[in-house]
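Novice: Next up, protein.json (JSON, C-alpha atoms and all ligand atoms).
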```json
[["chain", "number", "residue", "atom", "x", "y", "z"],
["J", 119, "MET", "CA", -152.87, -21.75, -48.87],
["J", 120, "LEU", "CA", -155.64, -19.27, -49.77],
["J", 121, "THR", "CA", -159.35, -19.88, -49.38],
["J", 122, "ALA", "CA", -162.09, -17.50, -50.44],
["J", 123, "SER", "CA", -165.54, -18.51, -49.29],
["J", 124, "ALA", "CA", -169.00, -17.29, -50.29],
["J", 125, "LEU", "CA", -167.86, -13.80, -51.30],
["J", 126, "THR", "CA", -170.44, -11.19, -52.24],
["J", 127, "LYS", "CA", -169.66, -7.72, -53.56],
["J", 128, "SER", "CA", -172.17, -5.25, -55.03],
["J", 129, "PHE", "CA", -171.74, -2.04, -56.98],
["J", 130, "GLY", "CA", -174.89, 0.00, -56.54],
["J", 131, "GLY", "CA", -177.62, -2.61, -56.91],
["J", 132, "PHE", "CA", -175.51, -4.92, -59.07],
["J", 133, "GLU", "CA", -173.91, -8.04, -57.56],
["J", 134, "ALA", "CA", -170.50, -8.52, -59.20],
["J", 135, "LEU", "CA", -169.76, -11.41, -56.81],
["J", 136, "SER", "CA", -172.68, -13.57, -55.69],
["J", 137, "GLY", "CA", -171.25, -16.21, -53.36],
["J", 138, "CYS", "CA", -168.00, -16.91, -55.18],
["J", 139, "SER", "CA", -165.55, -19.38, -53.58],
["J", 140, "LEU", "CA", -162.02, -20.45, -54.44],
["J", 141, "GLU", "CA", -159.25, -22.65, -53.00],
["J", 142, "ILE", "CA", -155.65, -22.11, -54.02],
["J", 143, "ALA", "CA", -153.17, -24.84, -53.13],
["J", 144, "ARG", "CA", -149.56, -23.97, -52.32],
["J", 145, "HIS", "CA", -147.25, -24.30, -55.36],
["J", 146, "SER", "CA", -150.19, -24.38, -57.78],
["J", 147, "ILE", "CA", -150.77, -22.09, -60.73],
["J", 148, "THR", "CA", -154.53, -21.79, -60.30],
["J", 149, "GLY", "CA", -156.36, -20.48, -63.37],
["J", 150, "ILE", "CA", -159.51, -18.34, -63.31],
["J", 151, "ILE", "CA", -161.55, -17.94, -66.47],
["J", 152, "GLY", "CA", -165.03, -16.75, -67.36],
["J", 153, "PRO", "CA", -166.84, -14.41, -69.74],
["J", 154, "ASN", "CA", -166.36, -10.63, -69.54],
["J", 155, "GLY", "CA", -168.14, -9.24, -66.49],
["J", 156, "ALA", "CA", -168.02, -12.58, -64.62],
["J", 157, "GLY", "CA", -166.45, -10.87, -61.59],
["J", 158, "LYS", "CA", -162.86, -12.12, -62.01],
["J", 159, "THR", "CA", -161.13, -8.77, -61.47],
["J", 160, "THR", "CA", -163.49, -7.94, -58.60],
["J", 161, "LEU", "CA", -162.52, -11.27, -57.00],
["J", 162, "PHE", "CA", -158.81, -10.35, -57.23],
["J", 163, "ASN", "CA", -159.52, -6.90, -55.80],
["J", 164, "VAL", "CA", -161.22, -8.56, -52.82],
["J", 165, "LEU", "CA", -158.38, -11.10, -52.38],
["J", 166, "GLY", "CA", -155.74, -8.36, -52.60],
["J", 167, "GLY", "CA", -157.51, -5.99, -50.22],
["J", 168, "LEU", "CA", -158.54, -3.23, -52.64],
["J", 169, "LEU", "CA", -162.24, -3.96, -52.08],
["J", 170, "ALA", "CA", -164.04, -5.19, -48.98],
["J", 171, "PRO", "CA", -166.72, -7.85, -49.62],
["J", 172, "GLU", "CA", -170.20, -7.51, -48.08],
["J", 173, "SER", "CA", -170.02, -11.11, -46.89],
["J", 174, "GLY", "CA", -167.78, -14.14, -47.05],
["J", 175, "ASP", "CA", -164.18, -14.58, -45.94],
["J", 176, "VAL", "CA", -160.64, -14.66, -47.31],
["J", 177, "VAL", "CA", -158.29, -16.92, -45.35],
["J", 178, "PHE", "CA", -154.56, -16.91, -46.10],
["J", 179, "GLU", "CA", -152.41, -19.49, -44.32],
["J", 180, "ASP", "CA", -155.10, -20.20, -41.70],
["J", 181, "ARG", "CA", -155.83, -16.56, -40.87],
["J", 182, "SER", "CA", -158.61, -14.28, -42.11],
["J", 183, "VAL", "CA", -157.08, -11.31, -43.93],
["J", 184, "LEU", "CA", -160.29, -9.30, -44.39],
["J", 185, "GLY", "CA", -159.16, -6.77, -41.78],
["J", 186, "LEU", "CA", -155.80, -6.21, -43.49],
["J", 187, "ARG", "CA", -154.94, -3.44, -45.96],
["J", 188, "VAL", "CA", -153.21, -4.06, -49.32],
["J", 189, "ASP", "CA", -149.74, -3.37, -47.88],
["J", 190, "GLU", "CA", -150.43, -5.50, -44.80],
["J", 191, "ARG", "CA", -151.47, -8.42, -47.02],
["J", 192, "ALA", "CA", -148.32, -7.91, -49.11],
["J", 193, "ARG", "CA", -146.21, -8.04, -45.95],
["J", 194, "ILE", "CA", -147.49, -11.53, -45.14],
["J", 195, "GLY", "CA", -146.91, -12.70, -48.71],
["J", 196, "LEU", "CA", -150.20, -12.06, -50.56],
["J", 197, "VAL", "CA", -149.49, -9.77, -53.52],
["J", 198, "ARG", "CA", -151.61, -8.62, -56.45],
["J", 199, "THR", "CA", -149.74, -7.06, -59.37],
["J", 200, "PHE", "CA", -150.62, -3.68, -60.85],
["J", 201, "GLN", "CA", -150.22, -2.27, -64.33],
["J", 202, "ILE", "CA", -147.36, 0.12, -64.95],
["J", 203, "SER", "CA", -149.38, 3.37, -64.86],
["J", 204, "ARG", "CA", -148.57, 6.44, -66.94],
["J", 205, "GLU", "CA", -146.82, 7.97, -63.90],
["J", 206, "LEU", "CA", -144.70, 4.86, -63.30],
["J", 207, "GLY", "CA", -143.88, 4.78, -67.02],
["J", 208, "GLU", "CA", -141.95, 8.02, -66.61],
["J", 209, "LEU", "CA", -139.64, 6.38, -64.05],
["J", 210, "THR", "CA", -136.86, 4.00, -65.06],
["J", 211, "VAL", "CA", -137.27, 0.26, -64.73],
["J", 212, "MET", "CA", -134.89, 0.28, -61.72],
["J", 213, "GLU", "CA", -136.80, 3.13, -60.04],
["J", 214, "ASN", "CA", -140.02, 1.15, -60.49],
["J", 215, "MET", "CA", -138.40, -1.80, -58.74],
["J", 216, "LEU", "CA", -137.11, 0.29, -55.83],
["J", 217, "LEU", "CA", -140.51, 1.91, -55.28],
["J", 218, "ALA", "CA", -142.08, -1.54, -54.98],
["J", 219, "GLY", "CA", -140.33, -2.53, -51.76],
["J", 220, "PRO", "CA", -139.45, -4.78, -50.03],
["J", 221, "HIS", "CA", -141.69, -3.96, -47.09],
["J", 222, "GLN", "CA", -142.24, -0.34, -48.11],
["J", 223, "SER", "CA", -138.60, 0.65, -47.56],
["J", 224, "GLY", "CA", -138.28, 1.11, -51.31],
["J", 225, "GLU", "CA", -139.03, 4.80, -51.18],
["J", 226, "SER", "CA", -135.88, 5.60, -49.24],
["J", 227, "ALA", "CA", -133.91, 3.27, -51.50],
["J", 228, "TRP", "CA", -135.25, 5.15, -54.50],
["J", 229, "ARG", "CA", -134.28, 8.50, -52.97],
["J", 230, "CYS", "CA", -130.76, 7.23, -52.43],
["J", 231, "PHE", "CA", -130.64, 5.83, -55.94],
["J", 232, "VAL", "CA", -131.13, 9.32, -57.36],
["J", 233, "GLN", "CA", -128.81, 10.80, -54.68],
["J", 234, "PRO", "CA", -126.00, 8.23, -54.81],
["J", 235, "GLY", "CA", -123.89, 9.98, -52.18],
["J", 236, "ARG", "CA", -126.35, 8.91, -49.49],
["J", 237, "VAL", "CA", -126.60, 5.24, -50.32],
["J", 238, "ARG", "CA", -126.54, 3.05, -47.23],
["J", 239, "ALA", "CA", -126.05, -0.69, -46.95],
["J", 240, "GLU", "CA", -129.79, -1.40, -46.76],
["J", 241, "GLU", "CA", -130.48, 0.53, -49.96],
["J", 242, "ARG", "CA", -127.52, -1.04, -51.72],
["J", 243, "ALA", "CA", -129.07, -4.40, -50.85],
["J", 244, "ALA", "CA", -132.41, -3.32, -52.39],
["J", 245, "ILE", "CA", -130.63, -2.24, -55.58],
["J", 246, "ALA", "CA", -128.72, -5.52, -55.72],
["J", 247, "ARG", "CA", -131.91, -7.48, -55.18],
["J", 248, "ALA", "CA", -133.72, -5.48, -57.91],
["J", 249, "SER", "CA", -130.81, -6.01, -60.33],
["J", 250, "GLY", "CA", -130.86, -9.75, -59.70],
["J", 251, "LEU", "CA", -134.62, -9.98, -60.27],
["J", 252, "LEU", "CA", -134.44, -7.91, -63.47],
["J", 253, "GLU", "CA", -131.62, -10.16, -64.70],
["J", 254, "GLN", "CA", -133.71, -13.23, -63.87],
["J", 255, "VAL", "CA", -136.69, -12.09, -65.99],
["J", 256, "GLY", "CA", -134.52, -10.85, -68.87],
["J", 257, "LEU", "CA", -134.88, -7.11, -68.18],
["J", 258, "GLY", "CA", -131.33, -6.65, -66.90],
["J", 259, "GLY", "CA", -130.33, -4.59, -69.94],
["J", 260, "HIS", "CA", -133.28, -2.20, -69.49],
["J", 261, "ALA", "CA", -132.71, -1.09, -65.87],
["J", 262, "ASN", "CA", -131.99, 2.55, -66.73],
["J", 263, "GLU", "CA", -134.63, 3.00, -69.46],
["J", 264, "PRO", "CA", -137.98, 4.69, -68.77],
["J", 265, "ALA", "CA", -140.54, 1.92, -68.15],
["J", 266, "LYS", "CA", -142.79, 3.42, -70.85],
["J", 267, "ASN", "CA", -140.22, 2.31, -73.49],
["J", 268, "LEU", "CA", -140.80, -1.38, -72.68],
["J", 269, "SER", "CA", -142.96, -3.57, -74.91],
["J", 270, "GLY", "CA", -146.30, -4.87, -73.58],
["J", 271, "GLY", "CA", -144.73, -8.18, -72.60],
["J", 272, "GLN", "CA", -141.71, -6.53, -70.96],
["J", 273, "LYS", "CA", -144.07, -4.33, -68.92],
["J", 274, "LYS", "CA", -145.79, -7.49, -67.67],
["J", 275, "LEU", "CA", -142.39, -8.93, -66.70],
["J", 276, "LEU", "CA", -141.70, -5.68, -64.82],
["J", 277, "GLU", "CA", -145.06, -5.97, -63.04],
["J", 278, "ILE", "CA", -144.11, -9.47, -61.89],
["J", 279, "SER", "CA", -140.60, -8.32, -60.89],
["J", 280, "ARG", "CA", -142.07, -5.45, -58.87],
["J", 281, "ALA", "CA", -144.25, -8.00, -57.05],
["J", 282, "LEU", "CA", -141.15, -10.16, -56.41],
["J", 283, "MET", "CA", -139.50, -7.22, -54.61],
["J", 284, "LEU", "CA", -142.18, -7.72, -51.92],
["J", 285, "GLU", "CA", -140.96, -11.30, -51.30],
["J", 286, "PRO", "CA", -144.41, -12.79, -51.96],
["J", 287, "LYS", "CA", -145.65, -16.29, -51.28],
["J", 288, "ILE", "CA", -148.51, -15.97, -53.78],
["J", 289, "ILE", "CA", -148.90, -13.58, -56.73],
["J", 290, "LEU", "CA", -152.28, -12.74, -58.28],
["J", 291, "LEU", "CA", -151.95, -11.91, -62.01],
["J", 292, "ASP", "CA", -154.88, -10.35, -63.89],
["J", 293, "GLU", "CA", -154.60, -11.17, -67.61],
["J", 294, "PRO", "CA", -150.79, -11.27, -67.81],
["J", 295, "THR", "CA", -150.74, -11.99, -71.56],
["J", 296, "ALA", "CA", -153.28, -9.33, -72.65],
["J", 297, "GLY", "CA", -151.65, -7.19, -75.35],
["J", 298, "VAL", "CA", -148.50, -9.33, -75.34],
["J", 299, "SER", "CA", -146.85, -10.72, -78.50],
["J", 300, "PRO", "CA", -146.78, -14.53, -79.00],
["J", 301, "ALA", "CA", -143.00, -14.65, -78.42],
["J", 302, "MET", "CA", -143.29, -12.68, -75.17],
["J", 303, "THR", "CA", -146.31, -14.77, -74.10],
["J", 304, "GLU", "CA", -144.01, -17.78, -74.31],
["J", 305, "ALA", "CA", -141.32, -15.99, -72.26],
["J", 306, "LEU", "CA", -143.89, -14.90, -69.65],
["J", 307, "GLY", "CA", -145.15, -18.48, -69.35],
["J", 308, "GLN", "CA", -141.60, -19.76, -68.84],
["J", 309, "THR", "CA", -140.95, -17.09, -66.19],
["J", 310, "ILE", "CA", -144.14, -17.98, -64.30],
["J", 311, "LEU", "CA", -143.36, -21.73, -64.46],
["J", 312, "GLY", "CA", -139.78, -21.10, -63.32],
["J", 313, "LEU", "CA", -140.95, -19.04, -60.33],
["J", 314, "ARG", "CA", -143.50, -21.71, -59.41],
["J", 315, "ASN", "CA", -140.75, -24.34, -59.54],
["J", 316, "GLN", "CA", -138.77, -22.17, -57.10],
["J", 317, "GLY", "CA", -141.68, -22.40, -54.64],
["J", 318, "LEU", "CA", -144.04, -19.55, -55.52],
["J", 319, "THR", "CA", -147.80, -19.92, -55.91],
["J", 320, "PHE", "CA", -149.87, -18.12, -58.58],
["J", 321, "ALA", "CA", -153.49, -17.36, -59.33],
["J", 322, "ILE", "CA", -153.96, -16.18, -62.90],
["J", 323, "ILE", "CA", -156.97, -14.64, -64.64],
["J", 324, "GLU", "CA", -156.42, -15.34, -68.31],
["J", 325, "HIS", "CA", -158.28, -15.34, -71.63],
["J", 326, "ASP", "CA", -155.67, -17.16, -73.71],
["J", 327, "MET", "CA", -156.75, -20.82, -73.56],
["J", 328, "ASP", "CA", -153.31, -22.05, -74.72],
["J", 329, "VAL", "CA", -151.74, -20.31, -71.72],
["J", 330, "ILE", "CA", -154.42, -21.73, -69.41],
["J", 331, "ALA", "CA", -153.94, -25.24, -70.80],
["J", 332, "ARG", "CA", -150.16, -25.08, -70.50],
["J", 333, "LEU", "CA", -149.79, -23.44, -67.08],
["J", 334, "CYS", "CA", -152.89, -23.82, -64.94],
["J", 335, "ALA", "CA", -154.28, -26.54, -62.71],
["J", 336, "PRO", "CA", -156.86, -26.44, -61.38],
["J", 337, "ILE", "CA", -158.95, -24.00, -63.40],
["J", 338, "TYR", "CA", -161.96, -22.20, -61.89],
["J", 339, "VAL", "CA", -164.74, -21.06, -64.20],
["J", 340, "LEU", "CA", -166.79, -18.07, -63.03],
["J", 341, "ALA", "CA", -169.97, -16.70, -64.55],
["J", 342, "GLN", "CA", -172.17, -13.89, -63.20],
["J", 343, "GLY", "CA", -170.28, -13.71, -59.92],
["J", 344, "ARG", "CA", -170.68, -17.40, -59.18],
["J", 345, "ASN", "CA", -168.64, -20.59, -59.52],
["J", 346, "LEU", "CA", -169.67, -22.56, -62.57],
["J", 347, "THR", "CA", -167.20, -25.40, -62.12],
["J", 348, "HIS", "CA", -163.52, -26.16, -61.53],
["J", 349, "GLY", "CA", -161.12, -28.89, -62.53],
["J", 350, "SER", "CA", -158.39, -29.78, -64.99],
["J", 351, "PHE", "CA", -158.35, -28.23, -68.46],
["J", 352, "ARG", "CA", -159.78, -31.44, -69.91],
["J", 353, "GLU", "CA", -162.56, -31.48, -67.31],
["J", 354, "ILE", "CA", -163.69, -27.90, -67.78],
["J", 355, "THR", "CA", -163.53, -27.95, -71.57],
["J", 356, "GLY", "CA", -165.68, -31.09, -71.59],
["J", 357, "ASN", "CA", -168.35, -29.29, -69.53],
["J", 358, "ALA", "CA", -171.43, -28.20, -71.52],
["J", 359, "GLU", "CA", -172.27, -25.45, -68.99],
["J", 360, "VAL", "CA", -168.85, -23.87, -69.56],
["J", 361, "LEU", "CA", -169.41, -23.82, -73.32],
["J", 362, "SER", "CA", -172.84, -22.24, -72.96],
["J", 363, "ALA", "CA", -171.53, -19.61, -70.52],
["J", 364, "TYR", "CA", -169.07, -18.53, -73.21],
["J", 365, "LEU", "CA", -171.09, -19.07, -76.34],
["J", 366, "GLY", "CA", -174.70, -18.59, -75.20],
["J", 367, "LYS", "CA", -177.54, -21.07, -75.08],
["J", 368, "ALA", "CA", -177.11, -22.12, -78.73],
["J", 369, "ALA", "CA", -173.98, -24.05, -77.72],
["J", 401, "LIG", "N1", -166.08, -0.14, -59.51],
["J", 401, "LIG", "C1", -167.16, -0.63, -60.12],
["J", 401, "LIG", "N2", -168.32, 0.07, -60.15],
["J", 401, "LIG", "C2", -169.42, -0.42, -60.76],
["J", 401, "LIG", "N3", -169.47, -1.62, -61.37],
["J", 401, "LIG", "C3", -168.36, -2.36, -61.39],
["J", 401, "LIG", "C4", -167.15, -1.91, -60.76],
["J", 401, "LIG", "N4", -166.20, -2.88, -60.94],
["J", 401, "LIG", "C5", -166.79, -3.86, -61.63],
["J", 401, "LIG", "N5", -168.08, -3.57, -61.89],
["J", 401, "LIG", "C6", -169.03, -4.43, -62.61],
["J", 401, "LIG", "O1", -168.98, -5.71, -62.01],
["J", 401, "LIG", "C7", -169.04, -6.73, -63.00],
["J", 401, "LIG", "C8", -167.82, -7.61, -62.90],
["J", 401, "LIG", "O2", -166.69, -6.86, -63.30],
["J", 401, "LIG", "P1", -165.24, -7.47, -63.31],
["J", 401, "LIG", "O3", -164.93, -8.03, -61.96],
["J", 401, "LIG", "O4", -164.33, -6.42, -63.83],
["J", 401, "LIG", "O5", -165.40, -8.66, -64.37],
["J", 401, "LIG", "P2", -164.31, -9.47, -65.21],
["J", 401, "LIG", "O6", -162.96, -9.11, -64.69],
["J", 401, "LIG", "O7", -164.66, -10.91, -65.01],
["J", 401, "LIG", "O8", -164.50, -9.07, -66.65],
["J", 401, "LIG", "C9", -169.16, -6.02, -64.35],
["J", 401, "LIG", "O9", -170.51, -6.00, -64.71],
["J", 401, "LIG", "C10", -168.64, -4.64, -64.05],
["J", 401, "LIG", "O10", -169.25, -3.69, -64.90],
["J", 402, "MG", "MG", -161.24, -8.32, -65.57]]
```
Before anything else, please render the file you have as structure tokens.
Ligand SMILES: Nc1ncnc2c1ncn2[C@@H]1O[C@H](COP(=O)(O)OP(=O)(O)O)[C@@H](O)[C@H]1O
Ligand SMILES: [Mg+2]

Specialist:
Amino acid sequence: MLTASALTKSFGGFEALSGCSLEIARHSITGIIGPNGAGKTTLFNVLGGLLAPESGDVVFEDRSVLGLRVDERARIGLVRTFQISRELGELTVMENMLLAGPHQSGESAWRCFVQPGRVRAEERAAIARASGLLEQVGLGGHANEPAKNLSGGQKKLLEISRALMLEPKIILLDEPTAGVSPAMTEALGQTILGLRNQGLTFAIIEHDMDVIARLCAPIYVLAQGRNLTHGSFREITGNAEVLSAYLGKAA
């Protein structure tokens, strides 16, 4: 579904990506792990269109997307989630959903949400869709609360729900369980698995090895902007190079 090949990306003189490649199969939950600074977030920024690589290609459904902006990639189904920023935290959960889309029409839907007299059929449909998605991820009761009142895990569910407003085919999640309680980590995992079973594809950068083991196959291991290896959880954890990348040469 998505192929990244031989990507390079430098910041100043420093190569954050040095020929990194990745293949994501449709309906997979592909995991990406590696030590801090390995280039994982940079890779997602290149896949999502936030950063242009110096060389290499990103092909989504048989077409290079390097010339497409973030919103243009989202329109064809390639969506990277973003943290609920301080500004978005001031808006309600529903307003966050309506700003997300679909297809950039969310802004007018949001305007009509705060000016109910002007609601048109299209905007009513966006509100109905947002309500359904919030219900699906267990945030239905929080629609009218400021997003900043949500717990860490609930914010992550909102990030995913915002992405779902864009009607994605693949969602890129950068550390979805960071700062999330064990109970909410479980709920997030179930939500991601449920969405995959409905036909979505995921790529997930994650530090929690239990989450990786339970959700992800295959798993790519990056180190210093390069591919170290990829395979099943059992394969990568049996790999001495992976251990030494994490633990240093002593391992
Ligand atoms: N905008 C930037 N400017 C300068 N250096 C950056 C920038 N983004 C990332 N880097 C550097 O690139 C390397 C990879 O970063 P990153 O992709 O965030 O790694 P990871 O997500 O695997 O921890 C790090 O050394 C980081 O300091
Ligand atoms: Mg990162």

Novice: Show me which residues are within 10 Å of ligand LIG 401 (chain J) counting only C-alpha atoms and all ligand atoms, and format the list as a ChimeraX atom specification.

Specialist: /J:127-135,150-164,169,292-293,323-324,340-343

Novice: To box segment 120-127 of chain J, take all atoms listed in the file, fit an axis-aligned box, add 5 Å on each side, and give centre and edge lengths in Å to one decimal, as JSON.

Specialist:
```
{"center_x": -163.0, "center_y": -13.8, "center_z": -51.4, "size_x": 24.8, "size_y": 22.2, "size_z": 14.3}
```

Novice: Could you list, as number ranges by chain, every residue within 9 Å of segment 182-188 of chain J, counting only C-alpha atoms and ignoring same-chain residues fewer than 4 positions away?

Specialist: J: 164-168, 170-171, 175-178, 192-193, 196-198

Novice: Figure out the distance between atom CA of Cys138 of chain J and atom CA of Thr126 of chain J, please, to one decimal in Å.

Specialist: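 Atom CA of Thr126 of chain J sits 6.9 Å away from atom CA of Cys138 of chain J.
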
Novice: Which residue is closest to Glu141 of chain J? Choose from J:Ala218, J:Ile337, J:Ile245, J:Leu252 and count only C-alpha atoms.

Specialist: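 Of J:Ala218, J:Ile337, J:Ile245, J:Leu252, the one nearest Glu141 of chain J is J:Ile337, counting only C-alpha atoms.
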
Novice: Mind checking which residues fall within 7 Å of segment 279-288 of chain J, counting only C-alpha atoms, ignoring those fewer than 2 positions away in the same chain, and posting them as an mmCIF file with C-alpha atoms, keeping the file's coordinate frame?

Specialist:
```cif
data_model
loop_
_atom_site.group_PDB
_atom_site.id
_atom_site.type_symbol
_atom_site.label_atom_id
_atom_site.label_comp_id
_atom_site.auth_asym_id
_atom_site.auth_seq_id
_atom_site.Cartn_x
_atom_site.Cartn_y
_atom_site.Cartn_z
ATOM 1 C CA ALA J 192 -148.320 -7.910 -49.110
ATOM 2 C CA GLY J 195 -146.910 -12.700 -48.710
ATOM 3 C CA LEU J 196 -150.200 -12.060 -50.560
ATOM 4 C CA VAL J 197 -149.490 -9.770 -53.520
ATOM 5 C CA THR J 199 -149.740 -7.060 -59.370
ATOM 6 C CA MET J 215 -138.400 -1.800 -58.740
ATOM 7 C CA ALA J 218 -142.080 -1.540 -54.980
ATOM 8 C CA GLY J 219 -140.330 -2.530 -51.760
ATOM 9 C CA PRO J 220 -139.450 -4.780 -50.030
ATOM 10 C CA HIS J 221 -141.690 -3.960 -47.090
ATOM 11 C CA ALA J 248 -133.720 -5.480 -57.910
ATOM 12 C CA LEU J 251 -134.620 -9.980 -60.270
ATOM 13 C CA LEU J 252 -134.440 -7.910 -63.470
ATOM 14 C CA LEU J 275 -142.390 -8.930 -66.700
ATOM 15 C CA LEU J 276 -141.700 -5.680 -64.820
ATOM 16 C CA GLU J 277 -145.060 -5.970 -63.040
ATOM 17 C CA LEU J 290 -152.280 -12.740 -58.280
ATOM 18 C CA LEU J 318 -144.040 -19.550 -55.520
ATOM 19 C CA THR J 319 -147.800 -19.920 -55.910
ATOM 20 C CA PHE J 320 -149.870 -18.120 -58.580
#
```

Novice: With only C-alpha atoms as the atoms that count, which of J:Glu240, J:Glu353, J:Glu205, J:Asp180 lies nearest to Pro264 of chain J?

Specialist: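 Of the candidates, the smallest distance to Pro264 of chain J is held by J:Glu205.
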
Novice: So how many Å separate atom CA of Arg144 of chain J and atom CA of Gly356 of chain J, to one decimal?

Specialist: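 Straight-line distance from atom CA of Arg144 of chain J to atom CA of Gly356 of chain J works out to 26.1 Å.
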
Novice: Quick one: distance from atom CA of Gly307 of chain J to atom CA of Leu333 of chain J in Å, one decimal?

Specialist: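 That distance, rounded to one decimal, is 7.2 Å.
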
Novice: Any idea what's packed within 10 Å of Gly149 of chain J, counting all atoms listed in the file, ignoring anything in its chain fewer than 2 positions away? Could you give it as a PyMOL selection string?

Specialist: chain J and resi 142+146-147+151+291+320-325+329-331+333-339+348-351
